[in-house]
Amino acid sequence: MAIHWLRGYNFFYFSLFSIFLSFLPIYLRSQHITNTELGLILGLGGFVGMLSQPIWGMISDRFRSLKHTLVMLLLVSVGIGAALFQASDMILLGVLTGLMYFFFMPTDPLVESLNYQSAQRLNIPFGSIRMFGALGYAASSLVAGVAIEYYGQGSYFALFMLYGVLALLLCLKTPEAPAVSKRMQLTDMKLFLKDKRTIMFFSLILILAIPHRMNDIFIGVYIQELGGTVSQVGIAWTVMTLSEVVVFAVSHRLIREGKELAVIAWAAFFYALRFLLSSIMAAPIAVVGLQLLQSVSFVLFYAAAIQYLYRIIPPAWKATGQTLLATLLFGISGVVSSTLGGWLFDQVGGRNVYLIMALLAGGGMVYSWAIHVKMKDQKTQKTSL
């Protein structure tokens, strides 16, 4: 029964996450702000998230309670989000977005940590839990796209409140993650951060996170630039997340221990292919179809990254490590992606932005494979000694 509560929570939590992450840029654009101003607001949010995510991870590890931290953060976030999706003043939008990045965005790595640790405790694949989050994201993206198209801006507030309350109620029923018996030692974390494996891994994550987050932030803007509608934006997100479900379900079969970096290299290849074709295609429906490649780009990248992180980080610092990963995925990369991406969209247009994203992903592919080969050679040398 406990696993059903967790799967249900994932469904409605990621439904809520979809409304915020996927449709906030469209809501902001509907308030008559430019792409550059949009980038500044989301860049501010990313900067705030970059600072807040490790803080909440350390708080969770310190008190050894993922669930109670999540309940508190969700409760505050639902109230702030309700105000955000009724605001129209640019300064107020910036402030409320910053608050959401401070309280709401840190819930994502905590949820993933809860999922991964619960999967280990129950001896089931991580993907068998996380796939329900992808299903929720897909369903809410489709519902939101249609609702906003036909019922207008009031849909943002109504949907955020609906999914927020349901996620909060299910979080209360979700079982706590197993506590680690070993106490946190600051020296363990210092050694982890100084480790060459950690430095190379985190730099790789940042390289791939920038084009990934640019797509997250501007896919809706790009589809509309090509002549698409809000409902097509919703369909694009539905295609993305539905395609994730199958690969999340079998990800444990695809990612073997010690092969994570090679898998990330393949994920980077599919990112590069996806963004290159998006820059070439002229029809919005073609860009929507290309989001099917989310299944073999994001899922392989994300699942392999989490598995590799949990293999090298000290056990008592798991939630903190997860939030450091999220800081790169949503914080630092979010600041760069939103501010630079918004400016580039206004200066050179969406097609050239997607070409730049493809080049970045290609660089990440080469770097990931180089790290994999380097780690493999070092392991061979140690074995021979």
# chains A, B, ... in the order shown; residues from 1 in each chain; ligands from 1

call {"tool": "residues_around", "arguments": {"residues": "A:Leu38", "least_positions_apart": "4", "cutoff": "10 Å", "atoms": "only C-alpha atoms", "output": "PyMOL selection string"}}
result
chain A and resi 24-26+28-29+32-34+42-44+90+94+217-218+338-339+341-343

call {"tool": "residues_around", "arguments": {"residues": "A:Tyr354", "least_positions_apart": "4", "cutoff": "7 Å", "atoms": "only C-alpha atoms", "output": "VMD selection string"}}
result
chain A and resid 275 to 276 278 to 279 350 358

call {"tool": "closest_atom_pairs", "arguments": {"of": "stretch 296-348 of chain A", "to": "stretch 101-123 of chain A", "cutoff": "12 Å", "atoms": "only C-alpha atoms", "output": "tab-separated table"}}
result
residue	atom	partner	partner_atom	distance
A:Tyr302	CA	A:Glu112	CA	10.5
A:Ala303	CA	A:Tyr116	CA	10.0
A:Ala305	CA	A:Glu112	CA	11.9
A:Ile306	CA	A:Tyr116	CA	8.5
A:Gln307	CA	A:Tyr116	CA	8.9
A:Leu309	CA	A:Ser113	CA	11.1
A:Tyr310	CA	A:Tyr116	CA	9.1
A:Pro315	CA	A:Gln117	CA	10.5
A:Ala316	CA	A:Gln117	CA	11.7
A:Trp317	CA	A:Ser113	CA	10.7
A:Lys318	CA	A:Ser113	CA	7.2
A:Ala319	CA	A:Ser113	CA	5.8
A:Thr320	CA	A:Leu110	CA	8.7
A:Gly321	CA	A:Pro109	CA	9.0
A:Gln322	CA	A:Pro109	CA	5.4
A:Thr323	CA	A:Pro109	CA	5.3
A:Leu324	CA	A:Pro109	CA	8.6
A:Leu325	CA	A:Pro109	CA	7.8
A:Ala326	CA	A:Pro109	CA	5.9
A:Thr327	CA	A:Pro106	CA	8.6
A:Leu328	CA	A:Pro109	CA	11.2
A:Leu329	CA	A:Pro109	CA	10.0
A:Phe330	CA	A:Met105	CA	7.9
A:Gly331	CA	A:Tyr101	CA	8.8
A:Gly334	CA	A:Tyr101	CA	10.6
A:Val335	CA	A:Tyr101	CA	11.5

call {"tool": "write_last_selection", "arguments": {"atoms": "N, CA and C atoms", "output": "tab-separated table (two decimals), in the first residue's frame"}}
result
chain	number	residue	atom	x	y	z
A	302	TYR	N	19.08	11.65	-17.10
A	302	TYR	CA	18.69	11.89	-15.72
A	302	TYR	C	18.85	10.64	-14.86
A	303	ALA	N	18.35	9.51	-15.34
A	303	ALA	CA	18.44	8.27	-14.56
A	303	ALA	C	19.89	7.84	-14.36
A	305	ALA	N	22.50	9.84	-14.41
A	305	ALA	CA	23.14	10.83	-13.54
A	305	ALA	C	22.84	10.54	-12.07
A	306	ILE	N	21.59	10.23	-11.76
A	306	ILE	CA	21.23	9.92	-10.37
A	306	ILE	C	21.93	8.66	-9.90
A	307	GLN	N	21.96	7.64	-10.74
A	307	GLN	CA	22.61	6.38	-10.36
A	307	GLN	C	24.10	6.60	-10.11
A	309	LEU	N	25.58	9.47	-9.30
A	309	LEU	CA	25.72	10.30	-8.10
A	309	LEU	C	25.60	9.47	-6.84
A	310	TYR	N	24.61	8.59	-6.76
A	310	TYR	CA	24.41	7.79	-5.56
A	310	TYR	C	25.51	6.75	-5.37
A	315	PRO	N	26.75	8.21	1.97
A	315	PRO	CA	25.34	7.86	2.21
A	315	PRO	C	24.56	8.91	3.00
A	316	ALA	N	25.17	9.53	4.00
A	316	ALA	CA	24.46	10.48	4.85
A	316	ALA	C	24.14	11.79	4.14
A	317	TRP	N	24.72	11.99	2.96
A	317	TRP	CA	24.55	13.26	2.24
A	317	TRP	C	23.72	13.09	0.97
A	318	LYS	N	22.89	12.07	0.90
A	318	LYS	CA	22.17	11.77	-0.34
A	318	LYS	C	21.24	12.89	-0.77
A	319	ALA	N	20.42	13.40	0.14
A	319	ALA	CA	19.48	14.47	-0.22
A	319	ALA	C	20.24	15.74	-0.63
A	320	THR	N	21.34	16.02	0.08
A	320	THR	CA	22.15	17.18	-0.28
A	320	THR	C	22.76	17.01	-1.66
A	321	GLY	N	23.25	15.80	-1.94
A	321	GLY	CA	23.81	15.51	-3.26
A	321	GLY	C	22.77	15.67	-4.36
A	322	GLN	N	21.55	15.21	-4.07
A	322	GLN	CA	20.47	15.34	-5.04
A	322	GLN	C	20.15	16.81	-5.32
A	323	THR	N	20.20	17.63	-4.27
A	323	THR	CA	19.92	19.05	-4.47
A	323	THR	C	21.08	19.76	-5.18
A	324	LEU	N	22.30	19.28	-4.99
A	324	LEU	CA	23.42	19.84	-5.75
A	324	LEU	C	23.25	19.52	-7.24
A	325	LEU	N	22.80	18.31	-7.52
A	325	LEU	CA	22.52	17.94	-8.91
A	325	LEU	C	21.43	18.84	-9.48
A	326	ALA	N	20.38	19.07	-8.68
A	326	ALA	CA	19.28	19.94	-9.13
A	326	ALA	C	19.73	21.39	-9.27
A	327	THR	N	20.68	21.81	-8.45
A	327	THR	CA	21.21	23.17	-8.57
A	327	THR	C	21.83	23.39	-9.95
A	328	LEU	N	22.50	22.34	-10.45
A	328	LEU	CA	23.07	22.43	-11.79
A	328	LEU	C	21.99	22.35	-12.86
A	329	LEU	N	21.01	21.45	-12.66
A	329	LEU	CA	19.96	21.24	-13.65
A	329	LEU	C	18.97	22.39	-13.74
A	330	PHE	N	18.63	22.98	-12.58
A	330	PHE	CA	17.60	24.01	-12.56
A	330	PHE	C	18.09	25.37	-12.08
A	331	GLY	N	19.22	25.38	-11.38
A	331	GLY	CA	19.72	26.64	-10.83
A	331	GLY	C	20.69	27.34	-11.76
A	334	GLY	N	19.72	27.11	-15.26
A	334	GLY	CA	18.50	27.90	-15.46
A	334	GLY	C	18.81	29.37	-15.63
A	335	VAL	N	19.77	29.88	-14.84
A	335	VAL	CA	20.16	31.29	-14.96
A	335	VAL	C	20.74	31.56	-16.34

call {"tool": "select_by_dssp", "arguments": {"residues": "stretch 122-320 of chain A", "states": "helix (DSSP H, G or I)", "output": "PyMOL selection string"}}
result
chain A and resi 122+127-151+154-173+186-194+196-225+230-254+260-280+284-312+315-320

call {"tool": "residues_around", "arguments": {"residues": "A:Leu135", "least_positions_apart": "4", "cutoff": "9 Å", "atoms": "only C-alpha atoms", "output": "PyMOL selection string"}}
result
chain A and resi 10-11+14-15+130-131+139-140+238+241-242+244-245

call {"tool": "atom_distance", "arguments": {"atom1": "atom CA of A:Phe132", "atom2": "atom CA of A:Cys171"}}
result
14.4 Å

call {"tool": "atom_distance", "arguments": {"atom1": "atom CA of A:Phe47", "atom2": "atom CA of A:Ser88"}}
result
21.7 Å

call {"tool": "residues_around", "arguments": {"residues": "A:Met200", "least_positions_apart": "6", "cutoff": "10 Å", "atoms": "only C-alpha atoms", "output": "compact mmCIF listing (two decimals) with C-alpha atoms, in the first residue's frame"}}
result
# COMPACT_ATOMS: atom_id res chain seq x y z
CA TYR A 367 33.11 15.13 -23.02
CA SER A 368 30.98 12.37 -21.47
CA ILE A 371 35.34 10.88 -19.00

call {"tool": "closest_residue", "arguments": {"among": "A:Ile356, A:Ala262, A:Leu300, A:Met161", "to": "A:Val250", "atoms": "only C-alpha atoms"}}
result
A:Leu300

call {"tool": "residues_around", "arguments": {"residues": "A:Phe157", "least_positions_apart": "6", "cutoff": "9 Å", "atoms": "only C-alpha atoms", "output": "PDB file with C-alpha atoms, in the first residue's frame"}}
result
ATOM      1  CA  GLY A  81       1.778  29.891  -6.854  1.00  0.00           C
ATOM      2  CA  ALA A  82      -1.873  30.867  -6.463  1.00  0.00           C
ATOM      3  CA  ALA A  83      -0.796  34.512  -6.175  1.00  0.00           C
ATOM      4  CA  LEU A  84       1.701  34.205  -9.064  1.00  0.00           C
ATOM      5  CA  PHE A  85      -0.908  32.995 -11.556  1.00  0.00           C
ATOM      6  CA  GLN A  86      -3.127  35.983 -10.810  1.00  0.00           C
TER       7      GLN A  86
END

call {"tool": "atom_distance", "arguments": {"atom1": "atom CA of A:Ser243", "atom2": "atom CA of A:Trp266"}}
result
16.8 Å
